[in-house]
>>> print(open('query02.cif').read())   # mmCIF, C-alpha atoms and all ligand atoms
data_coords
#
loop_
_atom_site.label_atom_id
_atom_site.label_comp_id
_atom_site.auth_asym_id
_atom_site.auth_seq_id
_atom_site.Cartn_x
_atom_site.Cartn_y
_atom_site.Cartn_z
CA MET A 1 41.22 -15.26 122.88
CA ASN A 2 43.96 -13.81 120.71
CA GLU A 3 45.48 -14.08 117.25
CA TYR A 4 47.57 -17.08 118.28
CA VAL A 5 44.51 -19.24 118.95
CA GLN A 6 43.62 -18.96 115.27
CA LYS A 7 47.22 -19.62 114.27
CA ILE A 8 47.24 -22.73 116.47
CA GLU A 9 44.02 -23.95 114.86
CA ASP A 10 45.52 -23.49 111.40
CA LEU A 11 48.71 -25.35 112.33
CA ALA A 12 46.85 -28.12 114.12
CA LYS A 13 44.91 -29.00 110.96
CA GLU A 14 48.17 -30.14 109.41
CA MET A 15 49.28 -32.20 112.41
CA GLY A 16 48.29 -35.42 114.19
CA GLU A 17 48.07 -35.68 117.96
CA VAL A 18 50.67 -33.48 119.63
CA ARG A 19 51.60 -33.86 123.30
CA ILE A 20 53.10 -30.84 125.01
CA MET A 21 54.22 -30.99 128.63
CA GLU A 22 54.47 -28.04 130.98
CA VAL A 23 56.81 -28.68 133.92
CA CYS A 24 55.77 -25.77 136.10
CA GLY A 25 52.90 -25.70 138.57
CA GLY A 26 52.45 -21.97 137.92
CA HIS A 27 51.87 -22.72 134.24
CA THR A 28 49.40 -25.47 135.14
CA ASN A 29 47.54 -22.99 137.30
CA THR A 30 47.24 -20.41 134.50
CA ILE A 31 46.25 -23.07 131.96
CA MET A 32 43.46 -24.30 134.21
CA ARG A 33 42.34 -20.93 135.50
CA TYR A 34 41.92 -19.46 132.05
CA GLY A 35 40.66 -22.62 130.37
CA ILE A 36 43.49 -22.73 127.84
CA ARG A 37 43.04 -26.46 127.22
CA GLU A 38 39.45 -25.79 126.21
CA VAL A 39 40.40 -23.33 123.46
CA LEU A 40 42.96 -25.61 121.84
CA PRO A 41 42.07 -28.02 119.04
CA SER A 42 41.37 -31.54 120.30
CA ASN A 43 44.57 -32.99 118.81
CA ILE A 44 46.77 -30.58 120.81
CA LYS A 45 47.20 -32.00 124.31
CA LEU A 46 48.71 -30.05 127.18
CA ILE A 47 50.00 -32.42 129.85
CA SER A 48 51.05 -31.38 133.34
CA GLY A 49 54.41 -32.74 134.45
CA PRO A 50 56.37 -32.62 137.72
CA GLY A 51 56.08 -28.89 138.25
CA CYS A 52 54.90 -28.83 141.84
CA PRO A 53 57.73 -28.98 144.40
CA VAL A 54 55.47 -30.11 147.22
CA CYS A 55 54.19 -32.96 145.03
CA VAL A 56 57.55 -34.34 143.94
CA THR A 57 59.12 -34.35 147.42
CA SER A 58 59.49 -37.98 148.43
CA GLN A 59 57.44 -39.56 151.18
CA TYR A 60 60.70 -40.59 152.87
CA ASP A 61 61.93 -37.00 153.09
CA ILE A 62 58.63 -35.87 154.60
CA ASP A 63 58.75 -38.73 157.11
CA CYS A 64 62.33 -37.80 158.03
CA MET A 65 61.27 -34.25 158.87
CA ILE A 66 58.35 -35.52 160.94
CA GLU A 67 60.72 -37.86 162.80
CA LEU A 68 63.11 -34.98 163.51
CA ALA A 69 60.28 -32.78 164.73
CA LEU A 70 58.88 -35.50 167.00
CA SER A 71 62.37 -36.10 168.37
CA GLY A 72 62.57 -32.55 169.65
CA VAL A 73 64.48 -30.92 166.80
CA LYS A 74 63.14 -27.48 165.92
CA VAL A 75 62.19 -27.43 162.25
CA ALA A 76 60.91 -24.92 159.71
CA THR A 77 59.52 -25.16 156.21
CA TYR A 78 57.42 -23.32 153.68
CA GLY A 79 53.66 -23.18 154.20
CA ASP A 80 52.28 -26.00 152.07
CA MET A 81 54.80 -28.60 153.24
CA ILE A 82 53.38 -28.82 156.74
CA ASN A 83 50.08 -30.14 155.34
CA VAL A 84 51.49 -32.94 153.19
CA PRO A 85 50.56 -36.34 154.63
CA GLY A 86 53.51 -38.51 155.59
CA THR A 87 53.22 -42.21 156.28
CA LYS A 88 51.69 -41.74 159.73
CA MET A 89 51.00 -38.02 159.99
CA SER A 90 51.86 -34.60 158.61
CA LEU A 91 54.17 -31.98 160.07
CA LYS A 92 51.03 -30.15 161.12
CA ASP A 93 49.93 -33.21 163.09
CA ALA A 94 53.39 -33.34 164.69
CA GLN A 95 53.00 -29.68 165.59
CA ALA A 96 49.66 -30.48 167.24
CA GLN A 97 51.48 -33.08 169.32
CA GLY A 98 53.84 -30.42 170.61
CA ALA A 99 56.65 -30.49 168.03
CA ASP A 100 58.27 -27.15 167.24
CA VAL A 101 57.37 -26.72 163.56
CA LYS A 102 57.63 -23.19 162.20
CA MET A 103 55.80 -22.36 158.99
CA ILE A 104 57.62 -19.63 157.07
CA TYR A 105 57.06 -17.60 153.92
CA SER A 106 60.61 -16.34 153.57
CA ALA A 107 63.97 -17.80 154.51
CA ASP A 108 64.77 -14.52 156.28
CA GLN A 109 62.31 -15.51 159.02
CA ILE A 110 64.79 -18.06 160.40
CA ILE A 111 68.09 -16.53 159.38
CA ASP A 112 69.08 -15.98 163.05
CA GLU A 113 67.79 -19.34 164.34
CA LYS A 114 70.87 -21.55 164.19
CA ASP A 115 69.23 -24.26 166.31
CA ARG A 116 66.43 -24.79 163.76
CA VAL A 117 66.59 -27.18 160.78
CA PHE A 118 65.21 -25.87 157.53
CA PHE A 119 63.33 -28.36 155.34
CA ALA A 120 64.30 -26.99 151.94
CA VAL A 121 61.99 -27.90 149.07
CA GLY A 122 61.42 -26.36 145.69
CA PHE A 123 63.05 -26.11 142.31
CA GLU A 124 65.87 -23.85 141.16
CA THR A 125 63.74 -20.79 141.91
CA THR A 126 63.87 -21.13 145.69
CA THR A 127 67.36 -22.63 145.94
CA PRO A 128 69.18 -19.28 146.30
CA MET A 129 67.30 -18.58 149.55
CA THR A 130 68.48 -21.92 150.93
CA ALA A 131 72.02 -21.11 149.87
CA ARG A 132 71.72 -17.85 151.78
CA LEU A 133 70.69 -19.73 154.93
CA LEU A 134 73.68 -22.06 154.54
CA GLN A 135 75.93 -19.02 154.28
CA GLN A 136 74.52 -17.94 157.66
CA GLY A 137 75.22 -21.33 159.27
CA ILE A 138 71.65 -22.70 159.30
CA THR A 139 71.37 -26.51 159.12
CA VAL A 140 69.36 -27.71 156.13
CA PHE A 141 67.51 -30.91 155.26
CA CYS A 142 67.74 -30.44 151.54
CA ALA A 143 65.05 -31.81 149.22
CA HIS A 144 65.49 -29.28 146.42
CA LYS A 145 64.90 -30.67 142.96
CA LEU A 146 66.48 -29.82 139.63
CA ILE A 147 64.01 -29.83 136.75
CA PRO A 148 66.25 -30.62 133.74
CA PRO A 149 67.23 -34.18 134.86
CA ALA A 150 63.53 -35.01 135.38
CA MET A 151 62.70 -33.81 131.87
CA ARG A 152 65.38 -36.10 130.46
CA VAL A 153 63.77 -39.07 132.21
CA LEU A 154 60.25 -38.18 131.11
CA VAL A 155 61.08 -37.71 127.45
CA GLN A 156 62.63 -41.19 127.41
CA GLU A 157 59.62 -42.78 129.14
CA MET A 158 56.69 -41.33 127.26
CA LYS A 159 55.66 -39.55 124.08
CA ILE A 160 56.32 -35.86 124.57
CA ASP A 161 56.60 -33.75 121.44
CA GLY A 162 57.70 -30.54 123.14
CA PHE A 163 58.17 -28.84 126.50
CA ILE A 164 56.99 -25.51 127.83
CA ASP A 165 59.95 -24.67 130.05
CA PRO A 166 59.37 -23.03 133.43
CA GLY A 167 59.76 -19.26 133.47
CA HIS A 168 60.80 -18.73 137.08
CA VAL A 169 63.33 -21.58 137.06
CA SER A 170 64.79 -20.10 133.88
CA THR A 171 65.35 -16.74 135.54
CA ILE A 172 67.87 -18.51 137.81
CA ILE A 173 69.52 -21.05 135.50
CA GLY A 174 69.21 -19.04 132.30
CA GLU A 175 68.23 -19.81 128.73
CA ASP A 176 71.42 -21.46 127.51
CA ILE A 177 71.28 -24.44 129.83
CA TRP A 178 68.14 -25.82 128.18
CA SER A 179 69.97 -26.14 124.85
CA GLU A 180 72.78 -28.05 126.56
CA LEU A 181 70.43 -30.75 127.87
CA ASP A 182 70.34 -32.77 124.68
CA ILE A 183 66.58 -33.29 125.00
CA PRO A 184 65.18 -34.68 121.73
CA ALA A 185 62.22 -32.29 121.68
CA PRO A 186 61.83 -28.55 121.16
CA GLN A 187 61.33 -26.27 124.14
CA VAL A 188 59.85 -22.82 124.65
CA ILE A 189 60.45 -20.78 127.80
CA SER A 190 57.22 -19.03 128.72
CA GLY A 191 55.90 -16.45 131.13
CA PHE A 192 52.76 -16.94 133.19
CA LYS A 193 50.09 -14.82 131.57
CA PRO A 194 47.52 -16.70 129.50
CA GLU A 195 48.48 -14.84 126.34
CA GLN A 196 52.14 -15.75 126.92
CA LEU A 197 51.30 -19.43 127.30
CA ILE A 198 49.14 -19.44 124.18
CA LYS A 199 51.88 -17.81 122.16
CA ALA A 200 54.43 -20.28 123.60
CA THR A 201 52.16 -23.14 122.52
CA TYR A 202 51.99 -21.75 118.99
CA VAL A 203 55.78 -21.29 118.78
CA LEU A 204 56.26 -24.83 120.08
CA LEU A 205 53.80 -26.29 117.56
CA ASP A 206 55.63 -24.53 114.76
CA LEU A 207 58.93 -26.04 115.93
CA ILE A 208 57.35 -29.49 116.24
CA LYS A 209 55.81 -29.27 112.78
CA ASN A 210 59.15 -28.29 111.28
CA LYS A 211 60.98 -30.97 113.30
CA GLU A 212 63.26 -28.41 114.90
CA LYS A 213 64.72 -29.24 118.31
CA GLU A 214 65.76 -25.76 119.33
CA VAL A 215 64.98 -23.75 122.46
CA VAL A 216 63.09 -20.48 122.07
CA ASN A 217 62.95 -17.90 124.84
CA GLU A 218 59.50 -16.32 124.89
CA TYR A 219 60.14 -14.70 128.29
CA PRO A 220 63.15 -12.51 127.46
CA GLU A 221 62.11 -9.68 129.75
CA VAL A 222 63.28 -11.70 132.79
CA VAL A 223 65.11 -14.75 131.40
CA PHE A 224 68.65 -14.02 130.25
CA SER A 225 71.10 -16.31 128.52
CA LYS A 226 73.16 -17.08 131.64
CA GLY A 227 70.39 -16.65 134.23
CA ASN A 228 71.12 -14.89 137.50
CA PRO A 229 74.89 -15.04 138.12
CA ILE A 230 74.64 -13.84 141.73
CA ALA A 231 72.17 -16.61 142.59
CA THR A 232 74.09 -19.34 140.78
CA LYS A 233 77.33 -18.24 142.46
CA ILE A 234 76.03 -18.61 146.02
CA ILE A 235 74.44 -21.95 145.11
CA GLU A 236 77.74 -23.24 143.75
CA GLU A 237 79.58 -21.99 146.83
CA THR A 238 77.30 -23.70 149.33
CA MET A 239 75.72 -26.72 147.63
CA LYS A 240 76.65 -29.73 145.53
CA VAL A 241 74.64 -31.77 143.03
CA VAL A 242 73.51 -35.21 144.26
CA ASP A 243 71.12 -38.02 143.29
CA SER A 244 67.59 -37.70 144.61
CA GLU A 245 64.39 -39.66 145.07
CA TRP A 246 61.30 -38.08 143.49
CA ARG A 247 57.74 -39.05 144.29
CA GLY A 248 56.54 -41.26 141.47
CA MET A 249 59.80 -41.12 139.55
CA GLY A 250 62.23 -43.02 141.73
CA THR A 251 65.84 -41.96 142.13
CA ILE A 252 67.00 -39.59 139.41
CA PRO A 253 70.77 -39.17 139.13
CA GLN A 254 72.15 -35.69 139.76
CA SER A 255 68.72 -34.19 140.31
CA SER A 256 69.06 -32.52 143.70
CA LEU A 257 71.38 -30.48 145.86
CA ALA A 258 72.96 -31.02 149.27
CA PRO A 259 74.95 -28.73 151.53
CA LYS A 260 78.66 -28.87 150.79
CA ASP A 261 79.42 -28.48 154.48
CA PRO A 262 78.48 -31.79 156.22
CA LYS A 263 78.07 -29.92 159.52
CA LEU A 264 75.09 -28.12 157.96
CA ASP A 265 73.58 -31.19 156.29
CA ALA A 266 70.72 -32.44 158.50
CA ARG A 267 70.79 -35.86 156.81
CA ILE A 268 74.30 -36.30 158.23
CA VAL A 269 73.99 -34.35 161.49
CA TYR A 270 70.86 -36.28 162.54
CA LYS A 271 71.62 -39.63 160.92
CA ASP A 272 71.09 -41.50 164.20
CA ILE A 273 67.55 -40.16 164.53
CA LEU A 274 66.80 -40.80 160.87
CA LYS A 275 68.23 -44.30 160.55
CA ASN A 276 64.98 -46.02 161.54
CA VAL A 277 62.61 -44.00 159.37
CA VAL A 278 60.45 -46.33 157.29
CA SER A 279 58.09 -44.88 154.70
CA GLN A 280 55.10 -46.24 152.93
CA GLU A 281 52.99 -44.39 150.40
CA ASN A 282 49.21 -44.43 150.47
CA LYS A 283 48.48 -47.14 147.91
CA GLU A 284 45.21 -45.53 146.84
CA CYS A 285 46.80 -42.16 146.12
CA ARG A 286 47.98 -41.84 142.52
CA CYS A 287 50.18 -38.77 142.87
CA GLY A 288 53.12 -40.69 141.46
CA GLU A 289 51.32 -41.13 138.14
CA ILE A 290 50.02 -37.57 138.18
CA VAL A 291 53.44 -35.97 138.54
CA ARG A 292 54.60 -38.01 135.53
CA GLY A 293 51.64 -36.81 133.46
CA MET A 294 50.31 -40.35 133.04
CA ILE A 295 46.84 -39.80 134.48
CA GLU A 296 44.53 -36.92 135.35
CA PRO A 297 43.37 -36.13 138.91
CA ARG A 298 39.85 -37.40 138.19
CA ASP A 299 41.34 -40.82 137.41
CA CYS A 300 42.03 -41.20 141.12
CA LYS A 301 39.02 -42.63 142.91
CA LEU A 302 39.75 -40.47 145.96
CA PHE A 303 39.59 -37.20 144.01
CA GLY A 304 36.87 -35.15 145.71
CA GLN A 305 35.73 -38.35 147.43
CA GLY A 306 37.73 -38.29 150.61
CA CYS A 307 40.60 -36.29 149.19
CA THR A 308 40.04 -32.53 149.14
CA PRO A 309 42.23 -29.48 149.87
CA GLU A 310 40.78 -29.43 153.40
CA ASN A 311 41.60 -33.10 153.89
CA PRO A 312 44.40 -34.02 151.47
CA GLN A 313 45.22 -37.71 151.14
CA GLY A 314 48.19 -37.04 148.91
CA ALA A 315 50.73 -34.36 148.10
CA CYS A 316 49.07 -33.24 144.84
CA MET A 317 45.98 -32.05 146.74
CA VAL A 318 47.89 -29.70 149.04
CA SER A 319 49.09 -26.71 147.04
CA GLU A 320 46.24 -24.77 145.46
CA SER A 321 48.72 -22.81 143.38
CA GLU A 322 50.81 -25.69 142.02
CA GLY A 323 49.36 -29.11 142.92
CA ALA A 324 47.56 -30.73 139.99
CA CYS A 325 44.79 -32.28 142.11
CA ALA A 326 44.23 -29.13 144.17
CA ILE A 327 44.13 -26.96 141.03
CA ALA A 328 41.71 -29.36 139.32
CA PHE A 329 39.54 -29.38 142.43
CA LYS A 330 39.61 -25.59 142.68
CA TYR A 331 38.54 -25.04 139.11
CA GLY A 332 36.10 -27.90 139.21
CA LYS A 333 37.22 -29.85 136.20
CA SER A 334 39.79 -32.27 134.91
CA LEU A 335 43.08 -30.95 133.60
CA SER A 336 42.35 -32.56 130.23
CA GLU A 337 38.81 -31.35 129.75
S1 LIG B 1 43.14 -37.01 144.43
FE1 LIG B 1 44.24 -37.13 146.37
S2 LIG B 1 44.64 -39.28 146.70
FE2 LIG B 1 44.15 -39.00 144.52
S3 LIG B 1 46.09 -38.67 143.49
FE3 LIG B 1 45.32 -36.66 144.02
S4 LIG B 1 46.25 -36.23 146.01
FE4 LIG B 1 46.47 -38.43 145.67
#
>>> encode(input="query02.cif", output="structure tokens")
Amino acid sequence: MNEYVQKIEDLAKEMGEVRIMEVCGGHTNTIMRYGIREVLPSNIKLISGPGCPVCVTSQYDIDCMIELALSGVKVATYGDMINVPGTKMSLKDAQAQGADVKMIYSADQIIDEKDRVFFAVGFETTTPMTARLLQQGITVFCAHKLIPPAMRVLVQEMKIDGFIDPGHVSTIIGEDIWSELDIPAPQVISGFKPEQLIKATYVLLDLIKNKEKEVVNEYPEVVFSKGNPIATKIIEETMKVVDSEWRGMGTIPQSSLAPKDPKLDARIVYKDILKNVVSQENKECRCGEIVRGMIEPRDCKLFGQGCTPENPQGACMVSESEGACAIAFKYGKSLSE
């Protein structure tokens, strides 16, 4: 594919099994679409981590939004979220029952709708748009997730020799923050083209081989040392860091954001409606293990056998651009093949 494939092969001959995790659904998509796992030596494993925002949103948060919608509260969220199955139904099902659920592609679509609650999901990349809505007085049910705290948990739980850091997230939070995380594994920030990911893999292998824990920015055209100061400023002005429940990972301290203004925090404003929400995950769905990189989609007995993008039984089958099961289904093979 390019000169770095040969360089990877040469390095890999001198190494045992190496496990590299990418924590970005966009990276997973490129890796699968272009068959990057197939061109790597067998001892170099690329593992998909919690890089899909739809997938890591907790069942409880989805059920809360469904409860709000069924109670007559107008809600809005990004496209894929309305298809994620909750305990009893999805937001789309609630919409079919008459609930006012607006599917949006941009936060600007509801910037004048102060009577609508925005279900905010996503990583650092989409957080500035939520901050902008808060500036305009829109009430938010915030389920944003911060990637660095999740990486800290994962590297303690399982063998990960290095991380491919997410490119889009890094455009917001910057390069420097990754070095400050004290993660005992090297990291390489990568772009989304196949050649960028292959080069990032080579750079990471070289760091792993030389036992260096540093962070290398292989996406310098858009990722700067301090990130995007305008975006981080409006986030700091409108939101605060809080603990958060992740699907499959439990509660991770300081891994989410909430509106600073309690009058705009839907969890507080609608606490009476939400107090009786009880959630239960589909016991047959193994999304929790998939987002932690512990199993592959084909390890789930429902994969393609009752669970498909048209009829998702779990969150990982919803987003064809970022969900591990949906991507594996789309490209017709396991992520590890
Ligand atoms: S195949 Fe479906 S049911 Fe199985 S883990 Fe993936 S989303 Fe869940």
>>> closest_residue(input="query02.cif", among="A:Met317, A:Val216, A:Ile327, A:Leu274", to="ligand LIG 1 (chain B)", atoms="all atoms listed in the file")
A:Met317
>>> atom_distance(input="query02.cif", atom1="CA of Ile8 in chain A", atom2="CA of Asn210 in chain A")
14.1 Å
>>> residues_near_ligand(input="query02.cif", ligand="ligand LIG 1 (chain B)", cutoff="8 Å", atoms="all atoms listed in the file", output="list in words")
Asn282, Glu284, Cys285, Arg286, Cys287, Gly288, Glu289, Ile290, Pro297, Arg298, Asp299, Cys300, Lys301, Leu302, Phe303, Gly304, Gly306, Cys307, Thr308, Pro312, Gln313, Gly314, Ala315, Cys316, Met317, Val318, Ala324, Cys325 and Ala326 of chain A
>>> atom_distance(input="query02.cif", atom1="CA of Tyr270 in chain A", atom2="CA of Leu68 in chain A")
7.9 Å
>>> atom_distance(input="query02.cif", atom1="CA of Lys283 in chain A", atom2="CA of Glu67 in chain A")
21.4 Å
>>> residues_around(input="query02.cif", residues="Ala231 in chain A", least_positions_apart="6", cutoff="12 Å", atoms="only C-alpha atoms", output="PDB file with C-alpha atoms, keeping the file's coordinate frame")
ATOM      1  CA  GLU A 124      65.870 -23.850 141.160  1.00  0.00           C
ATOM      2  CA  THR A 125      63.740 -20.790 141.910  1.00  0.00           C
ATOM      3  CA  THR A 126      63.870 -21.130 145.690  1.00  0.00           C
ATOM      4  CA  THR A 127      67.360 -22.630 145.940  1.00  0.00           C
ATOM      5  CA  PRO A 128      69.180 -19.280 146.300  1.00  0.00           C
ATOM      6  CA  MET A 129      67.300 -18.580 149.550  1.00  0.00           C
ATOM      7  CA  THR A 130      68.480 -21.920 150.930  1.00  0.00           C
ATOM      8  CA  ALA A 131      72.020 -21.110 149.870  1.00  0.00           C
ATOM      9  CA  ARG A 132      71.720 -17.850 151.780  1.00  0.00           C
ATOM     10  CA  VAL A 169      63.330 -21.580 137.060  1.00  0.00           C
ATOM     11  CA  SER A 170      64.790 -20.100 133.880  1.00  0.00           C
ATOM     12  CA  THR A 171      65.350 -16.740 135.540  1.00  0.00           C
ATOM     13  CA  ILE A 172      67.870 -18.510 137.810  1.00  0.00           C
ATOM     14  CA  ILE A 173      69.520 -21.050 135.500  1.00  0.00           C
ATOM     15  CA  GLY A 174      69.210 -19.040 132.300  1.00  0.00           C
ATOM     16  CA  GLU A 237      79.580 -21.990 146.830  1.00  0.00           C
ATOM     17  CA  THR A 238      77.300 -23.700 149.330  1.00  0.00           C
ATOM     18  CA  MET A 239      75.720 -26.720 147.630  1.00  0.00           C
TER      19      MET A 239
END
>>> residues_around(input="query02.cif", residues="Lys193 in chain A", least_positions_apart="3", cutoff="12 Å", atoms="all atoms listed in the file", output="CSV table (one decimal) with C-alpha atoms, in the coordinates of the input")
chain,number,residue,atom,x,y,z
A,26,GLY,CA,52.4,-22.0,137.9
A,27,HIS,CA,51.9,-22.7,134.2
A,28,THR,CA,49.4,-25.5,135.1
A,29,ASN,CA,47.5,-23.0,137.3
A,30,THR,CA,47.2,-20.4,134.5
A,31,ILE,CA,46.2,-23.1,132.0
A,32,MET,CA,43.5,-24.3,134.2
A,33,ARG,CA,42.3,-20.9,135.5
A,34,TYR,CA,41.9,-19.5,132.0
A,36,ILE,CA,43.5,-22.7,127.8
A,167,GLY,CA,59.8,-19.3,133.5
A,190,SER,CA,57.2,-19.0,128.7
A,196,GLN,CA,52.1,-15.8,126.9
A,197,LEU,CA,51.3,-19.4,127.3
A,198,ILE,CA,49.1,-19.4,124.2
A,199,LYS,CA,51.9,-17.8,122.2
A,200,ALA,CA,54.4,-20.3,123.6
A,218,GLU,CA,59.5,-16.3,124.9
A,219,TYR,CA,60.1,-14.7,128.3
>>> closest_residue(input="query02.cif", among="A:Glu245, A:Glu322, A:Asp261, A:Asp112", to="Gln136 in chain A", atoms="only C-alpha atoms")
A:Asp112
>>> residues_around(input="query02.cif", residues="Pro253 in chain A", least_positions_apart="6", cutoff="8 Å", atoms="all atoms listed in the file", output="list in words")
Pro149, Val242, Asp243 and Ser244 of chain A
